[in-house]
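The structure file input05.cif is reproduced below (mmCIF, N, CA and C atoms).
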```cif
data_protein
loop_
_atom_site.label_atom_id
_atom_site.label_comp_id
_atom_site.auth_asym_id
_atom_site.auth_seq_id
_atom_site.Cartn_x
_atom_site.Cartn_y
_atom_site.Cartn_z
N MET A 1 10.95 -5.58 -27.51
CA MET A 1 10.54 -5.30 -26.15
C MET A 1 11.70 -4.63 -25.45
N THR A 2 11.39 -3.63 -24.68
CA THR A 2 12.40 -2.99 -23.86
C THR A 2 12.00 -3.11 -22.40
N THR A 3 12.96 -3.25 -21.55
CA THR A 3 12.71 -3.26 -20.12
C THR A 3 13.30 -1.99 -19.56
N ASP A 4 12.45 -1.17 -18.98
CA ASP A 4 12.87 0.11 -18.45
C ASP A 4 12.94 -0.01 -16.94
N THR A 5 14.06 0.31 -16.37
CA THR A 5 14.19 0.33 -14.92
C THR A 5 14.64 1.72 -14.50
N ARG A 6 14.05 2.21 -13.46
CA ARG A 6 14.48 3.49 -12.90
C ARG A 6 14.37 3.39 -11.39
N GLN A 7 15.14 4.21 -10.73
CA GLN A 7 15.18 4.17 -9.28
C GLN A 7 14.78 5.52 -8.71
N THR A 8 14.02 5.47 -7.66
CA THR A 8 13.66 6.67 -6.91
C THR A 8 13.86 6.35 -5.44
N THR A 9 13.82 7.37 -4.62
CA THR A 9 13.90 7.14 -3.18
C THR A 9 12.67 7.72 -2.51
N THR A 10 12.18 6.99 -1.54
CA THR A 10 11.06 7.43 -0.74
C THR A 10 11.44 7.21 0.72
N ASP A 11 11.43 8.24 1.50
CA ASP A 11 11.80 8.14 2.91
C ASP A 11 13.17 7.48 3.08
N GLY A 12 14.10 7.78 2.17
CA GLY A 12 15.44 7.22 2.28
C GLY A 12 15.58 5.81 1.77
N LYS A 13 14.47 5.19 1.30
CA LYS A 13 14.53 3.83 0.78
C LYS A 13 14.57 3.86 -0.73
N LEU A 14 15.34 2.96 -1.30
CA LEU A 14 15.43 2.85 -2.74
C LEU A 14 14.19 2.14 -3.28
N MET A 15 13.61 2.67 -4.36
CA MET A 15 12.45 2.06 -5.00
C MET A 15 12.81 1.82 -6.46
N LEU A 16 12.71 0.57 -6.91
CA LEU A 16 12.99 0.22 -8.30
C LEU A 16 11.67 0.07 -9.05
N HIS A 17 11.54 0.77 -10.18
CA HIS A 17 10.35 0.68 -11.02
C HIS A 17 10.75 -0.06 -12.29
N VAL A 18 10.05 -1.15 -12.61
CA VAL A 18 10.37 -1.98 -13.77
C VAL A 18 9.15 -2.04 -14.68
N SER A 19 9.36 -1.83 -15.97
CA SER A 19 8.27 -1.99 -16.93
C SER A 19 8.79 -2.67 -18.19
N ALA A 20 7.97 -3.53 -18.77
CA ALA A 20 8.30 -4.22 -20.01
C ALA A 20 7.37 -3.68 -21.09
N VAL A 21 7.95 -3.10 -22.13
CA VAL A 21 7.18 -2.44 -23.19
C VAL A 21 7.41 -3.17 -24.51
N LEU A 22 6.32 -3.58 -25.13
CA LEU A 22 6.37 -4.21 -26.45
C LEU A 22 6.12 -3.13 -27.48
N ARG A 23 7.01 -3.06 -28.50
CA ARG A 23 6.91 -2.02 -29.53
C ARG A 23 6.99 -2.65 -30.91
N ASN A 24 6.09 -2.25 -31.78
CA ASN A 24 6.12 -2.73 -33.17
C ASN A 24 7.13 -1.89 -33.94
N THR A 25 8.25 -2.51 -34.28
CA THR A 25 9.30 -1.80 -35.03
C THR A 25 9.33 -2.24 -36.49
N GLY A 26 8.28 -2.95 -36.93
CA GLY A 26 8.22 -3.41 -38.31
C GLY A 26 7.87 -2.30 -39.28
N LEU A 27 7.54 -2.69 -40.49
CA LEU A 27 7.22 -1.72 -41.54
C LEU A 27 5.76 -1.31 -41.54
N GLY A 28 4.92 -2.05 -40.86
CA GLY A 28 3.49 -1.75 -40.84
C GLY A 28 2.85 -2.42 -39.64
N PRO A 29 1.52 -2.54 -39.64
CA PRO A 29 0.83 -3.14 -38.50
C PRO A 29 1.19 -4.62 -38.33
N ALA A 30 1.09 -5.09 -37.11
CA ALA A 30 1.34 -6.50 -36.79
C ALA A 30 0.15 -7.02 -36.00
N THR A 31 -0.35 -8.18 -36.36
CA THR A 31 -1.45 -8.81 -35.65
C THR A 31 -0.88 -9.81 -34.66
N ILE A 32 -1.18 -9.62 -33.40
CA ILE A 32 -0.71 -10.52 -32.34
C ILE A 32 -1.65 -11.72 -32.31
N HIS A 33 -1.08 -12.91 -32.53
CA HIS A 33 -1.89 -14.12 -32.44
C HIS A 33 -1.95 -14.61 -31.01
N ARG A 34 -0.79 -14.63 -30.34
CA ARG A 34 -0.75 -15.01 -28.93
C ARG A 34 0.61 -14.60 -28.37
N TYR A 35 0.66 -14.53 -27.07
CA TYR A 35 1.95 -14.27 -26.42
C TYR A 35 2.00 -15.03 -25.13
N LEU A 36 3.20 -15.23 -24.66
CA LEU A 36 3.40 -16.10 -23.53
C LEU A 36 4.58 -15.60 -22.71
N LEU A 37 4.39 -15.48 -21.42
CA LEU A 37 5.50 -15.15 -20.53
C LEU A 37 6.23 -16.44 -20.18
N LEU A 38 7.53 -16.32 -20.00
CA LEU A 38 8.36 -17.46 -19.65
C LEU A 38 9.04 -17.20 -18.32
N LEU A 39 9.21 -18.25 -17.56
CA LEU A 39 10.03 -18.19 -16.35
C LEU A 39 11.05 -19.30 -16.47
N ASP A 40 12.31 -18.95 -16.50
CA ASP A 40 13.39 -19.92 -16.71
C ASP A 40 13.16 -20.74 -17.98
N GLY A 41 12.62 -20.09 -19.01
CA GLY A 41 12.39 -20.75 -20.29
C GLY A 41 11.13 -21.58 -20.36
N GLN A 42 10.41 -21.70 -19.25
CA GLN A 42 9.18 -22.50 -19.22
C GLN A 42 7.96 -21.59 -19.37
N PRO A 43 7.01 -21.99 -20.23
CA PRO A 43 5.83 -21.15 -20.46
C PRO A 43 4.95 -21.02 -19.22
N LYS A 44 4.47 -19.81 -19.00
CA LYS A 44 3.55 -19.52 -17.91
C LYS A 44 2.39 -18.73 -18.51
N LYS A 45 1.19 -19.19 -18.32
CA LYS A 45 0.04 -18.48 -18.87
C LYS A 45 -0.36 -17.39 -17.88
N VAL A 46 -0.10 -16.16 -18.25
CA VAL A 46 -0.39 -15.01 -17.40
C VAL A 46 -1.38 -14.13 -18.15
N GLU A 47 -2.55 -13.92 -17.56
CA GLU A 47 -3.58 -13.14 -18.24
C GLU A 47 -4.18 -12.04 -17.36
N SER A 48 -3.54 -11.79 -16.22
CA SER A 48 -4.10 -10.79 -15.30
C SER A 48 -3.01 -10.28 -14.37
N VAL A 49 -3.35 -9.25 -13.61
CA VAL A 49 -2.42 -8.73 -12.61
C VAL A 49 -2.11 -9.83 -11.59
N LYS A 50 -3.13 -10.59 -11.20
CA LYS A 50 -2.92 -11.69 -10.25
C LYS A 50 -1.94 -12.71 -10.82
N GLY A 51 -2.08 -13.03 -12.09
CA GLY A 51 -1.17 -13.97 -12.73
C GLY A 51 0.26 -13.47 -12.74
N LEU A 52 0.43 -12.17 -13.02
CA LEU A 52 1.78 -11.58 -13.00
C LEU A 52 2.34 -11.60 -11.58
N ARG A 53 1.51 -11.26 -10.61
CA ARG A 53 1.95 -11.30 -9.21
C ARG A 53 2.37 -12.72 -8.83
N ASP A 54 1.57 -13.72 -9.22
CA ASP A 54 1.91 -15.11 -8.91
C ASP A 54 3.26 -15.49 -9.53
N LEU A 55 3.48 -15.06 -10.78
CA LEU A 55 4.75 -15.35 -11.45
C LEU A 55 5.91 -14.70 -10.71
N LEU A 56 5.76 -13.41 -10.37
CA LEU A 56 6.84 -12.69 -9.67
C LEU A 56 7.09 -13.24 -8.28
N GLU A 57 6.05 -13.76 -7.64
CA GLU A 57 6.22 -14.28 -6.28
C GLU A 57 6.98 -15.60 -6.25
N THR A 58 7.17 -16.23 -7.41
CA THR A 58 8.01 -17.43 -7.45
C THR A 58 9.49 -17.06 -7.39
N LEU A 59 9.79 -15.79 -7.61
CA LEU A 59 11.16 -15.29 -7.51
C LEU A 59 11.37 -14.73 -6.10
N PRO A 60 12.61 -14.64 -5.65
CA PRO A 60 12.86 -14.06 -4.33
C PRO A 60 12.35 -12.62 -4.20
N ILE A 61 12.21 -11.90 -5.32
CA ILE A 61 11.74 -10.51 -5.23
C ILE A 61 10.26 -10.41 -4.93
N GLY A 62 9.53 -11.49 -5.12
CA GLY A 62 8.08 -11.46 -4.98
C GLY A 62 7.55 -11.10 -3.62
N THR A 63 8.33 -11.36 -2.60
CA THR A 63 7.86 -11.10 -1.25
C THR A 63 7.77 -9.62 -0.94
N GLY A 64 8.51 -8.77 -1.66
CA GLY A 64 8.51 -7.34 -1.38
C GLY A 64 7.58 -6.53 -2.27
N LEU A 65 6.82 -7.20 -3.13
CA LEU A 65 5.95 -6.47 -4.05
C LEU A 65 4.83 -5.76 -3.31
N GLY A 66 4.55 -4.57 -3.75
CA GLY A 66 3.41 -3.83 -3.19
C GLY A 66 2.22 -3.96 -4.13
N ASN A 67 1.36 -2.96 -4.11
CA ASN A 67 0.17 -2.98 -4.96
C ASN A 67 0.38 -2.32 -6.31
N ASP A 68 1.57 -1.80 -6.55
CA ASP A 68 1.85 -1.08 -7.79
C ASP A 68 2.28 -2.06 -8.89
N ILE A 69 1.34 -2.95 -9.29
CA ILE A 69 1.58 -3.91 -10.36
C ILE A 69 0.54 -3.68 -11.44
N HIS A 70 1.02 -3.63 -12.69
CA HIS A 70 0.11 -3.44 -13.83
C HIS A 70 0.40 -4.51 -14.86
N PHE A 71 -0.65 -4.95 -15.56
CA PHE A 71 -0.51 -5.96 -16.60
C PHE A 71 -1.51 -5.66 -17.71
N THR A 72 -1.07 -5.79 -18.96
CA THR A 72 -1.95 -5.59 -20.10
C THR A 72 -2.11 -6.92 -20.82
N TYR A 73 -3.35 -7.38 -20.92
CA TYR A 73 -3.64 -8.61 -21.64
C TYR A 73 -4.01 -8.24 -23.07
N LEU A 74 -3.27 -8.77 -24.03
CA LEU A 74 -3.58 -8.53 -25.43
C LEU A 74 -4.41 -9.69 -25.97
N ARG A 75 -5.61 -9.40 -26.40
CA ARG A 75 -6.48 -10.42 -26.97
C ARG A 75 -5.88 -10.95 -28.26
N PRO A 76 -6.17 -12.22 -28.60
CA PRO A 76 -5.76 -12.71 -29.92
C PRO A 76 -6.36 -11.81 -31.00
N LYS A 77 -5.61 -11.59 -32.04
CA LYS A 77 -5.96 -10.72 -33.17
C LYS A 77 -5.80 -9.24 -32.83
N HIS A 78 -5.17 -8.93 -31.70
CA HIS A 78 -4.89 -7.52 -31.37
C HIS A 78 -3.90 -6.98 -32.41
N VAL A 79 -4.18 -5.80 -32.94
CA VAL A 79 -3.32 -5.22 -33.96
C VAL A 79 -2.50 -4.09 -33.34
N LEU A 80 -1.17 -4.20 -33.50
CA LEU A 80 -0.27 -3.14 -33.08
C LEU A 80 0.10 -2.33 -34.32
N ALA A 81 -0.18 -1.06 -34.28
CA ALA A 81 0.18 -0.18 -35.40
C ALA A 81 1.69 -0.01 -35.44
N PHE A 82 2.20 0.43 -36.57
CA PHE A 82 3.62 0.72 -36.70
C PHE A 82 4.04 1.68 -35.60
N ASP A 83 5.11 1.36 -34.89
CA ASP A 83 5.70 2.16 -33.83
C ASP A 83 4.83 2.26 -32.57
N GLU A 84 3.74 1.51 -32.50
CA GLU A 84 2.90 1.52 -31.30
C GLU A 84 3.60 0.79 -30.17
N LYS A 85 3.42 1.30 -28.96
CA LYS A 85 4.01 0.70 -27.76
C LYS A 85 2.90 0.26 -26.82
N VAL A 86 3.09 -0.89 -26.19
CA VAL A 86 2.15 -1.40 -25.19
C VAL A 86 2.95 -1.82 -23.97
N ASN A 87 2.57 -1.28 -22.83
CA ASN A 87 3.21 -1.68 -21.57
C ASN A 87 2.63 -3.04 -21.18
N ILE A 88 3.39 -4.11 -21.38
CA ILE A 88 2.91 -5.46 -21.06
C ILE A 88 2.76 -5.64 -19.55
N GLY A 89 3.71 -5.15 -18.80
CA GLY A 89 3.63 -5.28 -17.35
C GLY A 89 4.62 -4.36 -16.67
N SER A 90 4.28 -3.98 -15.46
CA SER A 90 5.18 -3.14 -14.68
C SER A 90 4.94 -3.38 -13.20
N PHE A 91 5.97 -3.10 -12.42
CA PHE A 91 5.84 -3.22 -10.97
C PHE A 91 6.91 -2.37 -10.31
N SER A 92 6.72 -2.10 -9.04
CA SER A 92 7.70 -1.38 -8.24
C SER A 92 8.15 -2.28 -7.11
N LEU A 93 9.41 -2.15 -6.76
CA LEU A 93 9.98 -3.00 -5.74
C LEU A 93 10.83 -2.17 -4.80
N PRO A 94 10.45 -2.09 -3.52
CA PRO A 94 11.27 -1.35 -2.57
C PRO A 94 12.51 -2.16 -2.18
N ASP A 95 13.60 -1.46 -1.99
CA ASP A 95 14.86 -2.08 -1.56
C ASP A 95 15.19 -3.35 -2.36
N PRO A 96 15.41 -3.21 -3.67
CA PRO A 96 15.69 -4.40 -4.49
C PRO A 96 17.00 -5.07 -4.09
N PRO A 97 17.06 -6.40 -4.20
CA PRO A 97 18.30 -7.10 -3.86
C PRO A 97 19.39 -6.79 -4.88
N PRO A 98 20.65 -7.01 -4.54
CA PRO A 98 21.75 -6.69 -5.45
C PRO A 98 21.72 -7.50 -6.75
N ASP A 99 21.13 -8.70 -6.72
CA ASP A 99 21.10 -9.54 -7.92
C ASP A 99 19.78 -9.43 -8.67
N ILE A 100 19.14 -8.27 -8.60
CA ILE A 100 17.84 -8.07 -9.23
C ILE A 100 17.90 -8.28 -10.74
N GLU A 101 18.98 -7.86 -11.38
CA GLU A 101 19.08 -8.02 -12.84
C GLU A 101 19.06 -9.49 -13.23
N ALA A 102 19.76 -10.30 -12.50
CA ALA A 102 19.78 -11.74 -12.79
C ALA A 102 18.39 -12.35 -12.60
N MET A 103 17.68 -11.89 -11.60
CA MET A 103 16.31 -12.38 -11.37
C MET A 103 15.40 -11.99 -12.52
N LEU A 104 15.50 -10.74 -12.97
CA LEU A 104 14.64 -10.27 -14.05
C LEU A 104 14.95 -10.97 -15.38
N GLU A 105 16.21 -11.36 -15.58
CA GLU A 105 16.58 -12.07 -16.81
C GLU A 105 15.97 -13.46 -16.87
N ARG A 106 15.44 -13.96 -15.77
CA ARG A 106 14.77 -15.25 -15.77
C ARG A 106 13.40 -15.18 -16.42
N ILE A 107 12.89 -13.96 -16.62
CA ILE A 107 11.56 -13.77 -17.22
C ILE A 107 11.74 -13.41 -18.69
N GLY A 108 10.98 -14.07 -19.54
CA GLY A 108 11.04 -13.80 -20.98
C GLY A 108 9.65 -13.66 -21.57
N LEU A 109 9.61 -13.29 -22.83
CA LEU A 109 8.34 -13.11 -23.53
C LEU A 109 8.45 -13.65 -24.95
N LEU A 110 7.47 -14.47 -25.33
CA LEU A 110 7.34 -14.93 -26.71
C LEU A 110 6.07 -14.30 -27.28
N VAL A 111 6.17 -13.75 -28.47
CA VAL A 111 4.99 -13.15 -29.12
C VAL A 111 4.90 -13.72 -30.53
N GLU A 112 3.80 -14.42 -30.80
CA GLU A 112 3.55 -14.89 -32.16
C GLU A 112 2.73 -13.82 -32.86
N TYR A 113 3.21 -13.35 -33.99
CA TYR A 113 2.54 -12.26 -34.68
C TYR A 113 2.57 -12.49 -36.19
N GLU A 114 1.74 -11.74 -36.88
CA GLU A 114 1.67 -11.81 -38.34
C GLU A 114 1.88 -10.41 -38.90
N SER A 115 2.76 -10.32 -39.88
CA SER A 115 3.01 -9.02 -40.49
C SER A 115 1.87 -8.69 -41.46
N MET A 116 1.89 -7.47 -41.95
CA MET A 116 0.85 -7.06 -42.90
C MET A 116 0.98 -7.83 -44.22
N TYR A 117 2.11 -8.51 -44.41
CA TYR A 117 2.32 -9.31 -45.62
C TYR A 117 1.87 -10.76 -45.42
N GLY A 118 1.33 -11.08 -44.24
CA GLY A 118 0.86 -12.43 -43.97
C GLY A 118 1.93 -13.38 -43.46
N GLU A 119 3.12 -12.87 -43.17
CA GLU A 119 4.20 -13.71 -42.66
C GLU A 119 4.07 -13.85 -41.15
N VAL A 120 4.06 -15.08 -40.67
CA VAL A 120 3.96 -15.35 -39.24
C VAL A 120 5.37 -15.55 -38.69
N ASP A 121 5.63 -14.94 -37.55
CA ASP A 121 6.94 -15.04 -36.92
C ASP A 121 6.75 -15.01 -35.41
N VAL A 122 7.79 -15.30 -34.68
CA VAL A 122 7.76 -15.28 -33.22
C VAL A 122 8.88 -14.38 -32.72
N TYR A 123 8.52 -13.43 -31.90
CA TYR A 123 9.51 -12.58 -31.23
C TYR A 123 9.87 -13.24 -29.91
N ASP A 124 11.15 -13.34 -29.61
CA ASP A 124 11.64 -13.95 -28.38
C ASP A 124 12.50 -12.92 -27.66
N SER A 125 12.02 -12.41 -26.54
CA SER A 125 12.77 -11.36 -25.82
C SER A 125 14.12 -11.83 -25.35
N ARG A 126 14.31 -13.13 -25.17
CA ARG A 126 15.60 -13.64 -24.70
C ARG A 126 16.70 -13.41 -25.71
N MET A 127 16.34 -13.20 -26.96
CA MET A 127 17.34 -12.95 -28.00
C MET A 127 17.98 -11.57 -27.84
N HIS A 128 17.40 -10.72 -27.01
CA HIS A 128 17.90 -9.36 -26.85
C HIS A 128 18.68 -9.16 -25.56
N LEU A 129 18.95 -10.24 -24.86
CA LEU A 129 19.78 -10.16 -23.66
C LEU A 129 21.24 -10.28 -24.08
N ASP A 130 22.12 -9.75 -23.28
CA ASP A 130 23.55 -9.88 -23.56
C ASP A 130 23.98 -11.34 -23.57
N THR A 131 23.28 -12.16 -22.80
CA THR A 131 23.59 -13.59 -22.72
C THR A 131 22.57 -14.39 -23.51
N ALA A 132 22.25 -13.95 -24.71
CA ALA A 132 21.21 -14.59 -25.52
C ALA A 132 21.55 -16.05 -25.78
N LEU A 133 20.50 -16.86 -25.80
CA LEU A 133 20.70 -18.28 -26.10
C LEU A 133 21.12 -18.43 -27.56
N THR A 134 21.97 -19.38 -27.82
CA THR A 134 22.49 -19.52 -29.17
C THR A 134 22.13 -20.86 -29.81
N ALA A 135 21.21 -21.60 -29.22
CA ALA A 135 20.80 -22.88 -29.81
C ALA A 135 20.25 -22.63 -31.22
N PRO A 136 20.51 -23.55 -32.17
CA PRO A 136 20.12 -23.33 -33.56
C PRO A 136 18.63 -23.05 -33.75
N TRP A 137 17.75 -23.64 -32.94
CA TRP A 137 16.32 -23.43 -33.16
C TRP A 137 15.85 -22.06 -32.68
N TYR A 138 16.75 -21.23 -32.12
CA TYR A 138 16.40 -19.86 -31.74
C TYR A 138 16.60 -18.88 -32.89
N ARG A 139 17.11 -19.36 -34.03
CA ARG A 139 17.31 -18.45 -35.17
C ARG A 139 15.99 -17.78 -35.54
N ARG A 140 16.08 -16.58 -36.05
CA ARG A 140 14.90 -15.80 -36.45
C ARG A 140 14.02 -16.63 -37.38
N GLY A 141 12.75 -16.72 -37.04
CA GLY A 141 11.79 -17.43 -37.88
C GLY A 141 11.63 -18.88 -37.50
N ALA A 142 12.64 -19.50 -36.89
CA ALA A 142 12.55 -20.92 -36.58
C ALA A 142 11.45 -21.19 -35.55
N LEU A 143 11.23 -20.27 -34.63
CA LEU A 143 10.20 -20.49 -33.62
C LEU A 143 8.80 -20.37 -34.20
N ALA A 144 8.65 -19.76 -35.34
CA ALA A 144 7.33 -19.61 -35.94
C ALA A 144 6.71 -20.96 -36.25
N ARG A 145 7.54 -21.96 -36.42
CA ARG A 145 7.03 -23.29 -36.73
C ARG A 145 6.71 -24.07 -35.47
N ARG A 146 7.06 -23.56 -34.32
CA ARG A 146 6.80 -24.25 -33.05
C ARG A 146 5.53 -23.69 -32.43
N LYS A 147 4.79 -24.52 -31.71
CA LYS A 147 3.58 -24.06 -31.03
C LYS A 147 3.98 -23.42 -29.71
N LEU A 148 3.35 -22.30 -29.40
CA LEU A 148 3.65 -21.64 -28.13
C LEU A 148 3.00 -22.35 -26.97
N TYR A 149 1.83 -22.93 -27.22
CA TYR A 149 1.12 -23.64 -26.16
C TYR A 149 1.24 -25.13 -26.42
N PRO A 150 1.59 -25.90 -25.39
CA PRO A 150 1.73 -27.36 -25.59
C PRO A 150 0.40 -28.01 -25.93
#
```

Take the structure in the file and give it back as structure tokens.
Amino acid sequence: MTTDTRQTTTDGKLMLHVSAVLRNTGLGPATIHRYLLLLDGQPKKVESVKGLRDLLETLPIGTGLGNDIHFTYLRPKHVLAFDEKVNIGSFSLPDPPPDIEAMLERIGLLVEYESMYGEVDVYDSRMHLDTALTAPWYRRGALARRKLYP
């Protein structure tokens, strides 16, 4: 997953555009079994634009959100082709606060998927942050044995 941020100005105001893109970088297609957004490491079931807005509104940035919010719900058994990209969610925020990066790092994504070889694994976006968690159960593949939903 990559998080793309870009800035534009409108009427002299800074506008931050944020999008989270999931990309299959494996050797072949991947079947998505389920995915889950996290806030401060806690699972949040988000299945719509309203759900994403509710999640973002729990952060201090939520009060400034406009209508430019997009969310893609991937059904169980959704197949991502090799190198396919899906924009999981995006939003625009006028006049972002100086600590916006720290706020965005509070949001994570877990994706349980199956490779074309039948191997089940879990992708954890928090592993790709500069401050990645280092607890032993975060090792690659270890999360595949854990349930995403309680």

Would you please give, as a list in words, all residues of stretch 68-137 of chain A that DSSP assigns to alpha helix (DSSP H) based on the backbone? Ile100, Glu101, Ala102, Met103 and Leu104 of chain A

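Atom CA of A:Val79 lies 6.1 Å from atom CA of A:Ile32.
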
Could you write out as a list of chain:residue names the residues that the PyMOL selection byres ((chain A and resi 23) around 5) matches in the shown file? A:Met1, A:Val21, A:Leu22, A:Asn24, A:Thr25, A:Glu84, A:Lys85

Can you tell me which residues surround A:Asp95 at a distance of at most 8 Å, considering only N, CA and C atoms, apart from same-chain residues fewer than 6 positions away, and format the answer as an MDAnalysis selection string? chainID A and resid 13:16 64

Would you list the contacts of A:Ser115 as a list in words, taking every protein, DNA or RNA residue within 9 Å and counting only C-alpha atoms, but skipping same-chain residues closer than 5 positions in sequence? Gly26, Leu27, Gly28, Pro29, Ala30, Thr31, Val120 and Asp121 of chain A

Those same residues - N, CA and C atoms - I'd like them written as a PDB file, in the frame of the given file.
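Listing of result.pdb after writing:
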```pdb
ATOM      1  N   GLY A  26       8.280  -2.950 -36.930  1.00  0.00           N
ATOM      2  CA  GLY A  26       8.220  -3.410 -38.310  1.00  0.00           C
ATOM      3  C   GLY A  26       7.870  -2.300 -39.280  1.00  0.00           C
ATOM      4  N   LEU A  27       7.540  -2.690 -40.490  1.00  0.00           N
ATOM      5  CA  LEU A  27       7.220  -1.720 -41.540  1.00  0.00           C
ATOM      6  C   LEU A  27       5.760  -1.310 -41.540  1.00  0.00           C
ATOM      7  N   GLY A  28       4.920  -2.050 -40.860  1.00  0.00           N
ATOM      8  CA  GLY A  28       3.490  -1.750 -40.840  1.00  0.00           C
ATOM      9  C   GLY A  28       2.850  -2.420 -39.640  1.00  0.00           C
ATOM     10  N   PRO A  29       1.520  -2.540 -39.640  1.00  0.00           N
ATOM     11  CA  PRO A  29       0.830  -3.140 -38.500  1.00  0.00           C
ATOM     12  C   PRO A  29       1.190  -4.620 -38.330  1.00  0.00           C
ATOM     13  N   ALA A  30       1.090  -5.090 -37.110  1.00  0.00           N
ATOM     14  CA  ALA A  30       1.340  -6.500 -36.790  1.00  0.00           C
ATOM     15  C   ALA A  30       0.150  -7.020 -36.000  1.00  0.00           C
ATOM     16  N   THR A  31      -0.350  -8.180 -36.360  1.00  0.00           N
ATOM     17  CA  THR A  31      -1.450  -8.810 -35.650  1.00  0.00           C
ATOM     18  C   THR A  31      -0.880  -9.810 -34.660  1.00  0.00           C
ATOM     19  N   VAL A 120       4.060 -15.080 -40.670  1.00  0.00           N
ATOM     20  CA  VAL A 120       3.960 -15.350 -39.240  1.00  0.00           C
ATOM     21  C   VAL A 120       5.370 -15.550 -38.690  1.00  0.00           C
ATOM     22  N   ASP A 121       5.630 -14.940 -37.550  1.00  0.00           N
ATOM     23  CA  ASP A 121       6.940 -15.040 -36.920  1.00  0.00           C
ATOM     24  C   ASP A 121       6.750 -15.010 -35.410  1.00  0.00           C
TER      25      ASP A 121
END
```

Select from stretch 19-82 of chain A everything DSSP, run on the backbone, classes as strand (DSSP E), then give the selection as a PyMOL selection string. chain A and resi 19-23+30-39+42-44+69-71+78-80

Run the PyMOL selection byres (((chain A and resi 69 and name CA) around 8) and name CA) against the file shown and list the residues it catches, as a PDB file with N, CA and C atoms, keeping the file's coordinate frame.
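What ended up in selection_8.pdb:
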```
ATOM      1  N   VAL A  49      -3.350  -9.250 -13.610  1.00  0.00           N
ATOM      2  CA  VAL A  49      -2.420  -8.730 -12.610  1.00  0.00           C
ATOM      3  C   VAL A  49      -2.110  -9.830 -11.590  1.00  0.00           C
ATOM      4  N   ARG A  53       1.510 -11.260 -10.610  1.00  0.00           N
ATOM      5  CA  ARG A  53       1.950 -11.300  -9.210  1.00  0.00           C
ATOM      6  C   ARG A  53       2.370 -12.720  -8.830  1.00  0.00           C
ATOM      7  N   GLY A  66       4.550  -4.570  -3.750  1.00  0.00           N
ATOM      8  CA  GLY A  66       3.410  -3.830  -3.190  1.00  0.00           C
ATOM      9  C   GLY A  66       2.220  -3.960  -4.130  1.00  0.00           C
ATOM     10  N   ASN A  67       1.360  -2.960  -4.110  1.00  0.00           N
ATOM     11  CA  ASN A  67       0.170  -2.980  -4.960  1.00  0.00           C
ATOM     12  C   ASN A  67       0.380  -2.320  -6.310  1.00  0.00           C
ATOM     13  N   ASP A  68       1.570  -1.800  -6.550  1.00  0.00           N
ATOM     14  CA  ASP A  68       1.850  -1.080  -7.790  1.00  0.00           C
ATOM     15  C   ASP A  68       2.280  -2.060  -8.890  1.00  0.00           C
ATOM     16  N   HIS A  70       1.020  -3.630 -12.690  1.00  0.00           N
ATOM     17  CA  HIS A  70       0.110  -3.440 -13.830  1.00  0.00           C
ATOM     18  C   HIS A  70       0.400  -4.510 -14.860  1.00  0.00           C
ATOM     19  N   PHE A  71      -0.650  -4.950 -15.560  1.00  0.00           N
ATOM     20  CA  PHE A  71      -0.510  -5.960 -16.600  1.00  0.00           C
ATOM     21  C   PHE A  71      -1.510  -5.660 -17.710  1.00  0.00           C
ATOM     22  N   GLY A  89       3.710  -5.150 -18.800  1.00  0.00           N
ATOM     23  CA  GLY A  89       3.630  -5.280 -17.350  1.00  0.00           C
ATOM     24  C   GLY A  89       4.620  -4.360 -16.670  1.00  0.00           C
ATOM     25  N   SER A  90       4.280  -3.980 -15.460  1.00  0.00           N
ATOM     26  CA  SER A  90       5.180  -3.140 -14.680  1.00  0.00           C
ATOM     27  C   SER A  90       4.940  -3.380 -13.200  1.00  0.00           C
ATOM     28  N   PHE A  91       5.970  -3.100 -12.420  1.00  0.00           N
ATOM     29  CA  PHE A  91       5.840  -3.220 -10.970  1.00  0.00           C
ATOM     30  C   PHE A  91       6.910  -2.370 -10.310  1.00  0.00           C
ATOM     31  N   SER A  92       6.720  -2.100  -9.040  1.00  0.00           N
ATOM     32  CA  SER A  92       7.700  -1.380  -8.240  1.00  0.00           C
ATOM     33  C   SER A  92       8.150  -2.280  -7.110  1.00  0.00           C
TER      34      SER A  92
END
```

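Among the candidates A:Pro94, A:Arg34, A:Glu57, A:Val18, the residue lying nearest to A:Glu112 is A:Arg34 (atoms considered: all atoms listed in the file).
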
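Atom pair atom CA of A:His17 / atom N of A:Leu65 has a distance of 11.7 Å (rounded to one decimal).
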
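Among the candidates A:Leu109, A:Met103, A:Met116, A:Ala81, the residue lying nearest to A:Pro60 is A:Met103 (atoms considered: all atoms listed in the file).
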
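For the pair atom CA of A:Ile88 and atom C of A:Thr72, the interatomic distance is 5.2 Å.
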